[in-house]
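Source file upload_25.tsv; content: TSV, C-alpha atoms.
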```tsv
chain	number	residue	atom	x	y	z
A	14	MET	CA	-31.89	33.95	95.36
A	15	ARG	CA	-30.45	36.45	92.96
A	16	PRO	CA	-29.45	34.01	90.19
A	17	GLY	CA	-32.81	32.30	90.58
A	18	ARG	CA	-34.71	35.51	90.15
A	19	PHE	CA	-32.54	36.38	87.21
A	20	GLY	CA	-33.24	32.98	85.70
A	21	LEU	CA	-36.94	33.46	86.25
A	22	LEU	CA	-36.79	36.84	84.57
A	23	LEU	CA	-34.90	35.41	81.65
A	24	GLY	CA	-37.41	32.62	81.37
A	25	ALA	CA	-40.29	35.07	81.42
A	26	ALA	CA	-38.59	37.21	78.80
A	27	ALA	CA	-38.01	34.19	76.61
A	28	ALA	CA	-41.61	33.10	77.01
A	29	ALA	CA	-42.81	36.59	76.16
A	30	ALA	CA	-40.56	36.69	73.12
A	31	ALA	CA	-41.81	33.30	72.02
A	32	ALA	CA	-45.38	34.40	72.57
A	33	LEU	CA	-44.73	37.45	70.44
A	34	ALA	CA	-42.93	35.57	67.72
A	35	SER	CA	-45.03	32.47	67.34
A	36	PRO	CA	-48.47	33.98	66.58
A	37	ALA	CA	-46.84	36.29	64.08
A	38	SER	CA	-45.25	33.46	62.13
A	39	ALA	CA	-48.13	31.01	62.53
A	40	ALA	CA	-51.02	33.32	61.70
A	41	PRO	CA	-52.02	32.79	58.05
A	42	ARG	CA	-51.46	35.81	55.87
A	43	VAL	CA	-53.18	36.96	52.71
A	44	PHE	CA	-51.23	37.68	49.51
A	45	THR	CA	-52.50	39.07	46.24
A	46	ILE	CA	-51.25	38.05	42.81
A	47	ALA	CA	-52.61	39.93	39.80
A	48	LEU	CA	-52.94	38.58	36.27
A	49	ASP	CA	-52.48	41.40	33.81
A	50	LYS	CA	-51.70	41.61	30.10
A	51	MET	CA	-51.26	37.87	29.82
A	52	LYS	CA	-48.82	37.61	32.74
A	53	PHE	CA	-48.90	36.53	36.38
A	54	GLY	CA	-47.60	39.15	38.79
A	55	PRO	CA	-44.49	38.24	40.83
A	56	ALA	CA	-44.63	35.39	43.35
A	57	PRO	CA	-44.72	36.77	46.93
A	58	ALA	CA	-41.79	35.91	49.19
A	59	GLY	CA	-42.28	34.26	52.58
A	60	LEU	CA	-45.25	32.03	51.73
A	61	HIS	CA	-46.28	29.44	54.32
A	62	VAL	CA	-48.76	26.59	54.47
A	63	GLY	CA	-52.10	28.05	55.55
A	64	ASP	CA	-51.58	31.38	53.76
A	65	ARG	CA	-54.28	32.54	51.43
A	66	ILE	CA	-53.61	33.80	47.91
A	67	VAL	CA	-56.12	36.07	46.23
A	68	TRP	CA	-55.81	35.91	42.43
A	69	VAL	CA	-57.05	39.03	40.67
A	70	ASN	CA	-57.67	38.74	36.93
A	71	ARG	CA	-57.23	42.26	35.54
A	72	ASP	CA	-57.37	41.02	31.95
A	73	PHE	CA	-60.47	41.07	29.76
A	74	ILE	CA	-59.68	37.43	28.96
A	75	ARG	CA	-60.65	34.37	30.99
A	76	HIS	CA	-57.71	32.75	32.80
A	77	SER	CA	-57.13	30.15	35.49
A	78	ALA	CA	-54.68	29.59	38.31
A	79	THR	CA	-53.97	25.88	38.03
A	80	ALA	CA	-51.34	24.10	40.12
A	81	ALA	CA	-49.25	21.58	38.20
A	82	ASP	CA	-49.61	19.18	41.14
A	83	ARG	CA	-53.41	19.65	40.93
A	84	SER	CA	-53.57	20.92	44.52
A	85	PHE	CA	-55.78	23.74	43.20
A	86	ASP	CA	-57.48	24.72	39.96
A	87	LEU	CA	-59.18	28.09	40.10
A	88	ASP	CA	-61.25	29.47	37.24
A	89	LEU	CA	-60.76	33.23	36.80
A	90	PRO	CA	-63.28	34.82	34.43
A	91	ALA	CA	-62.34	38.20	32.96
A	92	GLY	CA	-62.14	40.88	35.65
A	93	LYS	CA	-62.89	38.43	38.51
A	94	SER	CA	-60.96	37.30	41.58
A	95	GLY	CA	-60.70	34.07	43.51
A	96	ALA	CA	-58.76	32.75	46.48
A	97	VAL	CA	-56.95	29.56	47.40
A	98	VAL	CA	-55.40	28.44	50.70
A	99	LEU	CA	-51.96	26.88	50.39
A	100	ARG	CA	-52.16	23.33	51.82
A	101	LYS	CA	-48.77	21.94	50.86
A	102	ALA	CA	-45.18	22.99	51.38
A	103	GLY	CA	-42.70	23.02	48.53
A	104	ALA	CA	-42.33	24.49	45.07
A	105	ILE	CA	-45.64	24.70	43.24
A	106	VAL	CA	-45.74	25.61	39.56
A	107	VAL	CA	-48.91	27.48	38.69
A	108	ALA	CA	-50.06	28.06	35.10
A	109	CYS	CA	-53.14	29.27	33.27
A	110	LYS	CA	-54.70	26.14	31.80
A	111	PHE	CA	-56.01	28.12	28.82
A	112	HIS	CA	-52.72	29.93	28.14
A	113	PRO	CA	-50.01	27.63	29.50
A	114	GLY	CA	-47.26	30.10	28.61
A	115	MET	CA	-48.45	32.08	31.65
A	116	LYS	CA	-46.51	30.53	34.53
A	117	LEU	CA	-45.43	31.23	38.06
A	118	GLN	CA	-43.58	29.29	40.76
A	119	LEU	CA	-44.67	29.57	44.39
A	120	ASN	CA	-42.22	28.55	47.11
A	121	VAL	CA	-44.20	27.50	50.16
A	122	ALA	CA	-42.56	26.85	53.55
A	123	LYS	CA	-44.08	24.67	56.27
B	8	MET	CA	-54.38	23.15	0.89
B	9	ILE	CA	-52.90	24.51	4.09
B	10	ARG	CA	-50.17	26.23	2.22
B	11	MET	CA	-52.77	27.85	-0.02
B	12	LEU	CA	-54.61	29.33	2.92
B	13	ALA	CA	-51.43	30.53	4.57
B	14	LEU	CA	-50.56	32.14	1.28
B	15	GLY	CA	-54.03	33.67	1.14
B	16	ALA	CA	-53.66	35.37	4.50
B	17	ALA	CA	-50.05	36.29	3.78
B	18	ALA	CA	-51.09	37.76	0.44
B	19	ALA	CA	-53.76	39.80	2.20
B	20	PHE	CA	-51.13	41.39	4.42
B	21	ALA	CA	-48.76	41.81	1.49
B	22	LEU	CA	-51.46	43.86	-0.22
B	23	ALA	CA	-51.06	46.48	2.45
B	24	ALA	CA	-47.34	46.85	1.81
B	25	PRO	CA	-47.34	48.34	-1.70
B	26	ALA	CA	-49.72	51.05	-0.58
B	27	ALA	CA	-47.39	53.99	-0.12
B	28	ALA	CA	-49.09	55.28	3.00
B	29	ALA	CA	-48.73	53.28	6.22
B	30	PRO	CA	-52.07	52.01	7.53
B	31	THR	CA	-53.86	54.43	9.79
B	32	ASP	CA	-55.13	53.47	13.25
B	33	ALA	CA	-58.64	53.29	11.76
B	34	GLN	CA	-57.42	50.77	9.18
B	35	ILE	CA	-55.32	48.83	11.69
B	36	ALA	CA	-58.35	48.54	13.98
B	37	HIS	CA	-60.42	47.26	11.06
B	38	ILE	CA	-57.80	44.66	10.10
B	39	ALA	CA	-57.40	43.42	13.69
B	40	TYR	CA	-61.17	43.27	14.22
B	41	THR	CA	-61.70	41.44	10.92
B	42	ALA	CA	-58.96	38.94	11.75
B	43	GLY	CA	-60.75	38.27	15.05
B	44	LEU	CA	-64.15	37.81	13.38
B	45	ILE	CA	-62.62	35.30	10.97
B	46	ASP	CA	-61.29	33.15	13.78
B	47	ILE	CA	-64.59	33.36	15.69
B	48	ALA	CA	-66.43	32.13	12.58
B	49	ALA	CA	-63.89	29.32	12.13
B	50	GLY	CA	-64.30	28.35	15.80
B	51	LYS	CA	-68.09	28.28	15.49
B	52	GLN	CA	-67.83	26.10	12.43
B	53	ALA	CA	-65.59	23.70	14.37
B	54	LEU	CA	-68.05	23.63	17.29
B	55	ALA	CA	-70.82	22.73	14.86
B	56	ARG	CA	-68.83	19.99	13.12
B	57	SER	CA	-66.26	18.47	15.45
B	58	HIS	CA	-66.86	15.80	18.07
B	59	ASP	CA	-63.29	15.70	19.32
B	60	ARG	CA	-62.96	16.94	22.89
B	61	ARG	CA	-59.56	18.62	22.29
B	62	VAL	CA	-60.69	20.29	19.08
B	63	ARG	CA	-63.86	21.57	20.73
B	64	ALA	CA	-61.98	22.90	23.76
B	65	PHE	CA	-59.59	24.73	21.43
B	66	ALA	CA	-62.45	26.14	19.32
B	67	GLN	CA	-64.29	27.31	22.45
B	68	GLU	CA	-61.15	29.10	23.58
B	69	MET	CA	-60.79	30.79	20.17
B	70	VAL	CA	-64.40	31.99	20.15
B	71	ARG	CA	-64.17	33.23	23.76
B	72	ASP	CA	-60.76	34.94	23.54
B	73	HIS	CA	-61.23	36.56	20.13
B	74	GLN	CA	-64.69	37.77	21.11
B	75	ALA	CA	-63.19	39.31	24.26
B	76	VAL	CA	-60.45	41.06	22.27
B	77	ASN	CA	-62.93	42.33	19.68
B	78	ASP	CA	-65.27	43.65	22.39
B	79	LYS	CA	-62.32	45.44	23.94
B	80	ALA	CA	-61.26	46.82	20.54
B	81	LEU	CA	-64.78	48.11	19.83
B	82	ALA	CA	-64.93	49.82	23.21
B	83	LEU	CA	-61.52	51.38	22.56
B	84	VAL	CA	-62.30	52.78	19.10
B	85	LYS	CA	-65.53	54.20	20.47
B	86	LYS	CA	-63.66	55.89	23.28
B	87	LEU	CA	-61.06	57.25	20.84
B	88	HIS	CA	-63.76	58.39	18.39
B	89	VAL	CA	-62.13	56.32	15.67
B	90	THR	CA	-64.30	54.62	13.06
B	91	PRO	CA	-62.68	51.40	11.81
B	92	GLU	CA	-62.05	51.85	8.13
B	93	ALA	CA	-62.43	49.08	5.55
B	94	ASN	CA	-59.33	48.54	3.44
B	95	PRO	CA	-57.89	46.06	0.89
B	96	THR	CA	-56.10	44.01	3.58
B	97	SER	CA	-59.24	43.29	5.58
B	98	ALA	CA	-61.23	42.69	2.38
B	99	ALA	CA	-58.65	40.15	1.20
B	100	LEU	CA	-58.64	38.48	4.62
B	101	SER	CA	-62.44	38.13	4.59
B	102	LYS	CA	-62.42	36.76	1.05
B	103	GLY	CA	-59.76	34.15	1.89
B	104	ALA	CA	-61.60	33.17	5.05
B	105	ALA	CA	-64.93	32.71	3.23
B	106	ALA	CA	-63.24	30.35	0.78
B	107	LYS	CA	-61.67	28.42	3.65
B	108	LEU	CA	-64.98	28.07	5.50
B	109	LYS	CA	-66.54	26.67	2.35
B	110	GLU	CA	-63.66	24.28	1.80
B	111	LEU	CA	-63.81	23.02	5.41
B	112	SER	CA	-67.60	22.62	5.21
B	113	ARG	CA	-67.02	19.74	2.80
B	114	LEU	CA	-64.94	17.82	5.34
B	115	ARG	CA	-66.07	15.77	8.30
B	116	GLY	CA	-64.68	13.74	11.18
B	117	ARG	CA	-60.94	13.47	11.60
B	118	ALA	CA	-60.33	15.07	8.17
B	119	PHE	CA	-62.19	18.20	9.30
B	120	ASP	CA	-60.39	18.28	12.66
B	121	ARG	CA	-56.99	18.06	11.01
B	122	ALA	CA	-57.73	20.66	8.35
B	123	TYR	CA	-59.23	23.07	10.92
B	124	LEU	CA	-56.23	22.79	13.24
B	125	GLN	CA	-53.68	23.05	10.45
B	126	ASN	CA	-55.44	26.15	9.21
B	127	GLU	CA	-55.49	27.62	12.73
B	128	VAL	CA	-51.73	27.10	13.00
B	129	ALA	CA	-51.10	28.78	9.64
B	130	TYR	CA	-53.60	31.56	10.23
B	131	HIS	CA	-52.28	32.50	13.67
B	132	ARG	CA	-48.73	32.38	12.38
B	133	THR	CA	-49.58	34.82	9.57
B	134	VAL	CA	-51.67	37.17	11.69
B	135	ASN	CA	-49.08	37.18	14.48
B	136	GLY	CA	-46.35	38.00	11.98
B	137	ALA	CA	-48.42	40.88	10.61
B	138	LEU	CA	-49.14	42.16	14.14
B	139	ARG	CA	-45.48	42.02	15.11
B	140	ASP	CA	-43.99	43.42	11.90
B	141	THR	CA	-46.63	45.82	10.64
B	142	LEU	CA	-49.67	46.55	12.77
B	143	ILE	CA	-48.03	47.10	16.17
B	144	PRO	CA	-45.07	49.17	14.88
B	145	ARG	CA	-47.41	51.37	12.84
B	146	ALA	CA	-50.16	51.89	15.41
B	147	SER	CA	-49.84	55.44	16.67
B	148	ASN	CA	-52.31	55.50	19.56
B	149	ALA	CA	-50.69	54.09	22.72
B	150	GLU	CA	-53.84	52.30	23.91
B	151	LEU	CA	-54.39	50.67	20.53
B	152	LYS	CA	-50.74	49.61	20.46
B	153	SER	CA	-51.02	48.15	23.97
B	154	LEU	CA	-54.19	46.22	23.06
B	155	LEU	CA	-52.50	44.82	19.95
B	156	GLU	CA	-49.47	43.82	22.04
B	157	THR	CA	-51.67	41.96	24.55
B	158	GLY	CA	-53.42	40.44	21.54
B	159	LEU	CA	-50.10	39.25	20.10
B	160	THR	CA	-49.14	37.56	23.40
B	161	LEU	CA	-52.57	35.91	23.52
B	162	PHE	CA	-52.55	34.81	19.87
B	163	THR	CA	-49.04	33.41	20.27
B	164	GLU	CA	-50.51	31.19	23.00
B	165	HIS	CA	-53.28	30.23	20.55
B	166	GLN	CA	-50.71	29.33	17.91
B	167	ARG	CA	-48.84	27.12	20.40
B	168	HIS	CA	-52.11	25.50	21.51
B	169	ALA	CA	-53.11	24.90	17.87
B	170	GLU	CA	-49.71	23.33	17.13
B	171	HIS	CA	-50.10	21.09	20.16
B	172	VAL	CA	-53.58	19.84	19.19
B	173	ALA	CA	-52.58	19.51	15.52
B	174	ALA	CA	-49.65	17.29	16.55
B	175	GLU	CA	-51.98	15.11	18.65
B	176	LEU	CA	-54.32	14.63	15.68
B	177	ARG	CA	-51.58	13.68	13.29
```

Take the structure from the file and write it as structure tokens.
Amino acid sequence: MRPGRFGLLLGAAAAAAAALASPASAAPRVFTIALDKMKFGPAPAGLHVGDRIVWVNRDFIRHSATAADRSFDLDLPAGKSGAVVLRKAGAIVVACKFHPGMKLQLNVAK
Amino acid sequence: MIRMLALGAAAAFALAAPAAAAPTDAQIAHIAYTAGLIDIAAGKQALARSHDRRVRAFAQEMVRDHQAVNDKALALVKKLHVTPEANPTSAALSKGAAAKLKELSRLRGRAFDRAYLQNEVAYHRTVNGALRDTLIPRASNAELKSLLETGLTLFTEHQRHAEHVAAELR
């Protein structure tokens, strides 16, 4: 009786913990990356597939956020923003197609 | 031909050196603005004459980016109550550029594309050198200096892009 109840409690606790943990890690999050003075801001840590990245062009010059693997290609007119949803895991190199010296690597987990 | 133009722009900047007084912000703004206008005019000429997709994309980028920098520069001098001041360096730049436009207007097809790109490489190299060595160090207003620094990063990208397209056309 006692061990059983204990086991049940443990099980419930584990289930509750799992319930707490899993939505937190699975829910897509939103990250912002600014483009300013001809540079991409730092790549956010902890990116996952499904997360959304909002690109904010703070320059007075037109840029783009273009993935080397062509998974996204976002035009960013001066002073404008745009968003992409990450669909693939892995390392993605992003550059501005107009100014290819502007580069950033995103590390996306599953 | 290319070397002559590079020399022309280089000579324009060299003109500023013997002048005992360092250029003022008003003169620096005028030089930077003039250098931008020259590249916009060159880009428009290329858009009117070239049929090459890569050359046109490059020229569109030059017109767009230099126009954006010049608009920003105009807004800044207005805010700072500085009136850009004509000077021998910008006059020499304009004179050299007018001669180059005329020279390029006699070329067509691949010959035009090559000459335009080679000139863009030389021109950006000279202007970037002047920005780095003279204009940025001597700019006294922090906002003007910052704009010129962003400009230098941008124009260094242009130089690289020009080199890339020029190599493809070779």

### Message
Neighbouring residues of Leu48 of chain A were defined as those with any atom within 12 Å, considering all atoms listed in the file; residues of the same chain fewer than 2 positions away were excluded. Please report them as a PyMOL selection string.
### Response
chain A and resi 45-46+50-56+67-78+89-95+108-109+112+115-117

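Nearest to Val43 of chain A of all the residues A:Leu87, A:Val107, A:Val98, A:Ala80 is A:Val98, counting all atoms listed in the file.
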
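Using all atoms listed in the file, the shortest contact distance between chain A and any of B:Val89, B:Ala53, B:Val70, B:Ala149 is found at B:Val70.
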
### 7 Å contacts from chain B to chain A using only C-alpha atoms, as a ChimeraX atom specification
/B:72,75,157,160-161,164

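The gap separating atom CA of Lys123 of chain A from atom CA of Val62 of chain A is 5.4 Å, in Å to one decimal.
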
### Proximity to Leu108 of chain B - best of B:Lys86, B:Arg139, B:His171, B:Lys51, only C-alpha atoms
B:Lys51

### Query
With all atoms listed in the file as the basis for distance, which of B:Ala16, B:Ala66, B:Ala118, B:Leu151 is at the shortest distance from His37 of chain B?
B:Leu151

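In terms of minimum interatomic distance to Leu142 of chain B, B:Leu154 ranks closest within B:Leu44, B:Tyr123, B:Leu154, B:Val62, counting only C-alpha atoms.
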
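With all atoms listed in the file as the atoms that count, the minimum distance from Lys110 of chain A to the choices A:Ser84, A:Thr79, A:Val97, A:Ala122 is reached by A:Thr79.
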
#### Entry: Separation of atom CA of Asn77 of chain B from atom CA of Glu127 of chain B in Å
17.9 Å

### Task
May I have the residues within 8 Å of segment 39-43 of chain B as a list in words, using all atoms listed in the file and disregarding those fewer than 6 positions away in the same chain?
His73, Gln74, Val76, Asn77, Ala80, Ser97, Leu100, Ser101 and Val134 of chain B

Let me see the file: selected residues, C-alpha atoms, as a JSON list (two decimals), keeping the file's coordinate frame.
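In the end it all went to again_35.json:
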```json
[["chain", "number", "residue", "atom", "x", "y", "z"],
["B", 73, "HIS", "CA", -61.23, 36.56, 20.13],
["B", 74, "GLN", "CA", -64.69, 37.77, 21.11],
["B", 76, "VAL", "CA", -60.45, 41.06, 22.27],
["B", 77, "ASN", "CA", -62.93, 42.33, 19.68],
["B", 80, "ALA", "CA", -61.26, 46.82, 20.54],
["B", 97, "SER", "CA", -59.24, 43.29, 5.58],
["B", 100, "LEU", "CA", -58.64, 38.48, 4.62],
["B", 101, "SER", "CA", -62.44, 38.13, 4.59],
["B", 134, "VAL", "CA", -51.67, 37.17, 11.69]]
```

Taking all atoms of segment 61-69 of chain A that the file lists, what box with edges along x, y and z, padded by 4 Å per side, do you get, with centre and edge lengths in Å to one decimal, as JSON?
```
{"center_x": -51.7, "center_y": 32.8, "center_z": 48.1, "size_x": 18.8, "size_y": 20.4, "size_z": 22.9}
```

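The gap separating atom CA of Ala58 of chain A from atom CA of Asp86 of chain A is 21.4 Å, in Å to one decimal.
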
### Task
Go ahead and find all residues with at least one atom no further than 7 Å from (-62.7, 24.0, 17.5) in the file's coordinates, using all atoms listed in the file; report them as number ranges by chain.
B: 50, 53-54, 57, 62-67

Generate the coordinates of N, CA and C atoms for segment 131-165 of chain B; report them as a JSON list (two decimals), keeping the file's coordinate frame.
```json
[["chain", "number", "residue", "atom", "x", "y", "z"],
["B", 131, "HIS", "N", -52.85, 31.75, 12.54],
["B", 131, "HIS", "CA", -52.28, 32.50, 13.67],
["B", 131, "HIS", "C", -50.84, 32.91, 13.39],
["B", 132, "ARG", "N", -50.11, 32.04, 12.71],
["B", 132, "ARG", "CA", -48.73, 32.38, 12.38],
["B", 132, "ARG", "C", -48.69, 33.64, 11.50],
["B", 133, "THR", "N", -49.56, 33.68, 10.50],
["B", 133, "THR", "CA", -49.58, 34.82, 9.57],
["B", 133, "THR", "C", -50.04, 36.10, 10.27],
["B", 134, "VAL", "N", -51.14, 35.99, 11.01],
["B", 134, "VAL", "CA", -51.67, 37.17, 11.69],
["B", 134, "VAL", "C", -50.68, 37.68, 12.74],
["B", 135, "ASN", "N", -50.05, 36.76, 13.46],
["B", 135, "ASN", "CA", -49.08, 37.18, 14.48],
["B", 135, "ASN", "C", -47.89, 37.88, 13.85],
["B", 136, "GLY", "N", -47.46, 37.37, 12.70],
["B", 136, "GLY", "CA", -46.35, 38.00, 11.98],
["B", 136, "GLY", "C", -46.73, 39.41, 11.55],
["B", 137, "ALA", "N", -47.96, 39.56, 11.05],
["B", 137, "ALA", "CA", -48.42, 40.88, 10.61],
["B", 137, "ALA", "C", -48.54, 41.84, 11.80],
["B", 138, "LEU", "N", -49.03, 41.32, 12.94],
["B", 138, "LEU", "CA", -49.14, 42.16, 14.14],
["B", 138, "LEU", "C", -47.75, 42.66, 14.56],
["B", 139, "ARG", "N", -46.83, 41.71, 14.63],
["B", 139, "ARG", "CA", -45.48, 42.02, 15.11],
["B", 139, "ARG", "C", -44.75, 42.96, 14.17],
["B", 140, "ASP", "N", -44.83, 42.68, 12.85],
["B", 140, "ASP", "CA", -43.99, 43.42, 11.90],
["B", 140, "ASP", "C", -44.64, 44.68, 11.34],
["B", 141, "THR", "N", -45.96, 44.69, 11.30],
["B", 141, "THR", "CA", -46.63, 45.82, 10.64],
["B", 141, "THR", "C", -47.58, 46.57, 11.56],
["B", 142, "LEU", "N", -48.57, 45.86, 12.08],
["B", 142, "LEU", "CA", -49.67, 46.55, 12.77],
["B", 142, "LEU", "C", -49.22, 47.22, 14.07],
["B", 143, "ILE", "N", -48.48, 46.51, 14.90],
["B", 143, "ILE", "CA", -48.03, 47.10, 16.17],
["B", 143, "ILE", "C", -47.05, 48.26, 15.93],
["B", 144, "PRO", "N", -46.01, 48.05, 15.09],
["B", 144, "PRO", "CA", -45.07, 49.17, 14.88],
["B", 144, "PRO", "C", -45.74, 50.42, 14.30],
["B", 145, "ARG", "N", -46.81, 50.22, 13.50],
["B", 145, "ARG", "CA", -47.41, 51.37, 12.84],
["B", 145, "ARG", "C", -48.59, 51.97, 13.59],
["B", 146, "ALA", "N", -49.04, 51.32, 14.63],
["B", 146, "ALA", "CA", -50.16, 51.89, 15.41],
["B", 146, "ALA", "C", -49.63, 53.13, 16.13],
["B", 147, "SER", "N", -50.36, 54.23, 16.03],
["B", 147, "SER", "CA", -49.84, 55.44, 16.67],
["B", 147, "SER", "C", -50.45, 55.68, 18.05],
["B", 148, "ASN", "N", -51.71, 55.30, 18.24],
["B", 148, "ASN", "CA", -52.31, 55.50, 19.56],
["B", 148, "ASN", "C", -51.76, 54.48, 20.55],
["B", 149, "ALA", "N", -51.35, 54.96, 21.73],
["B", 149, "ALA", "CA", -50.69, 54.09, 22.72],
["B", 149, "ALA", "C", -51.62, 52.98, 23.22],
["B", 150, "GLU", "N", -52.91, 53.31, 23.40],
["B", 150, "GLU", "CA", -53.84, 52.30, 23.91],
["B", 150, "GLU", "C", -54.11, 51.22, 22.87],
["B", 151, "LEU", "N", -54.19, 51.64, 21.61],
["B", 151, "LEU", "CA", -54.39, 50.67, 20.53],
["B", 151, "LEU", "C", -53.17, 49.76, 20.44],
["B", 152, "LYS", "N", -52.00, 50.37, 20.52],
["B", 152, "LYS", "CA", -50.74, 49.61, 20.46],
["B", 152, "LYS", "C", -50.69, 48.59, 21.61],
["B", 153, "SER", "N", -51.05, 49.03, 22.80],
["B", 153, "SER", "CA", -51.02, 48.15, 23.97],
["B", 153, "SER", "C", -52.00, 46.99, 23.81],
["B", 154, "LEU", "N", -53.20, 47.28, 23.28],
["B", 154, "LEU", "CA", -54.19, 46.22, 23.06],
["B", 154, "LEU", "C", -53.67, 45.21, 22.03],
["B", 155, "LEU", "N", -53.04, 45.72, 20.98],
["B", 155, "LEU", "CA", -52.50, 44.82, 19.95],
["B", 155, "LEU", "C", -51.37, 43.97, 20.53],
["B", 156, "GLU", "N", -50.58, 44.56, 21.43],
["B", 156, "GLU", "CA", -49.47, 43.82, 22.04],
["B", 156, "GLU", "C", -50.01, 42.69, 22.94],
["B", 157, "THR", "N", -51.04, 43.01, 23.73],
["B", 157, "THR", "CA", -51.67, 41.96, 24.55],
["B", 157, "THR", "C", -52.25, 40.90, 23.63],
["B", 158, "GLY", "N", -52.86, 41.36, 22.53],
["B", 158, "GLY", "CA", -53.42, 40.44, 21.54],
["B", 158, "GLY", "C", -52.34, 39.51, 20.99],
["B", 159, "LEU", "N", -51.17, 40.07, 20.66],
["B", 159, "LEU", "CA", -50.10, 39.25, 20.10],
["B", 159, "LEU", "C", -49.65, 38.18, 21.10],
["B", 160, "THR", "N", -49.53, 38.55, 22.38],
["B", 160, "THR", "CA", -49.14, 37.56, 23.40],
["B", 160, "THR", "C", -50.20, 36.45, 23.48],
["B", 161, "LEU", "N", -51.46, 36.87, 23.45],
["B", 161, "LEU", "CA", -52.57, 35.91, 23.52],
["B", 161, "LEU", "C", -52.59, 35.00, 22.29],
["B", 162, "PHE", "N", -52.44, 35.60, 21.11],
["B", 162, "PHE", "CA", -52.55, 34.81, 19.87],
["B", 162, "PHE", "C", -51.33, 33.91, 19.68],
["B", 163, "THR", "N", -50.21, 34.28, 20.30],
["B", 163, "THR", "CA", -49.04, 33.41, 20.27],
["B", 163, "THR", "C", -49.33, 32.15, 21.09],
["B", 164, "GLU", "N", -50.05, 32.34, 22.21],
["B", 164, "GLU", "CA", -50.51, 31.19, 23.00],
["B", 164, "GLU", "C", -51.45, 30.32, 22.16],
["B", 165, "HIS", "N", -52.35, 30.97, 21.40],
["B", 165, "HIS", "CA", -53.28, 30.23, 20.55],
["B", 165, "HIS", "C", -52.52, 29.40, 19.51]]
```
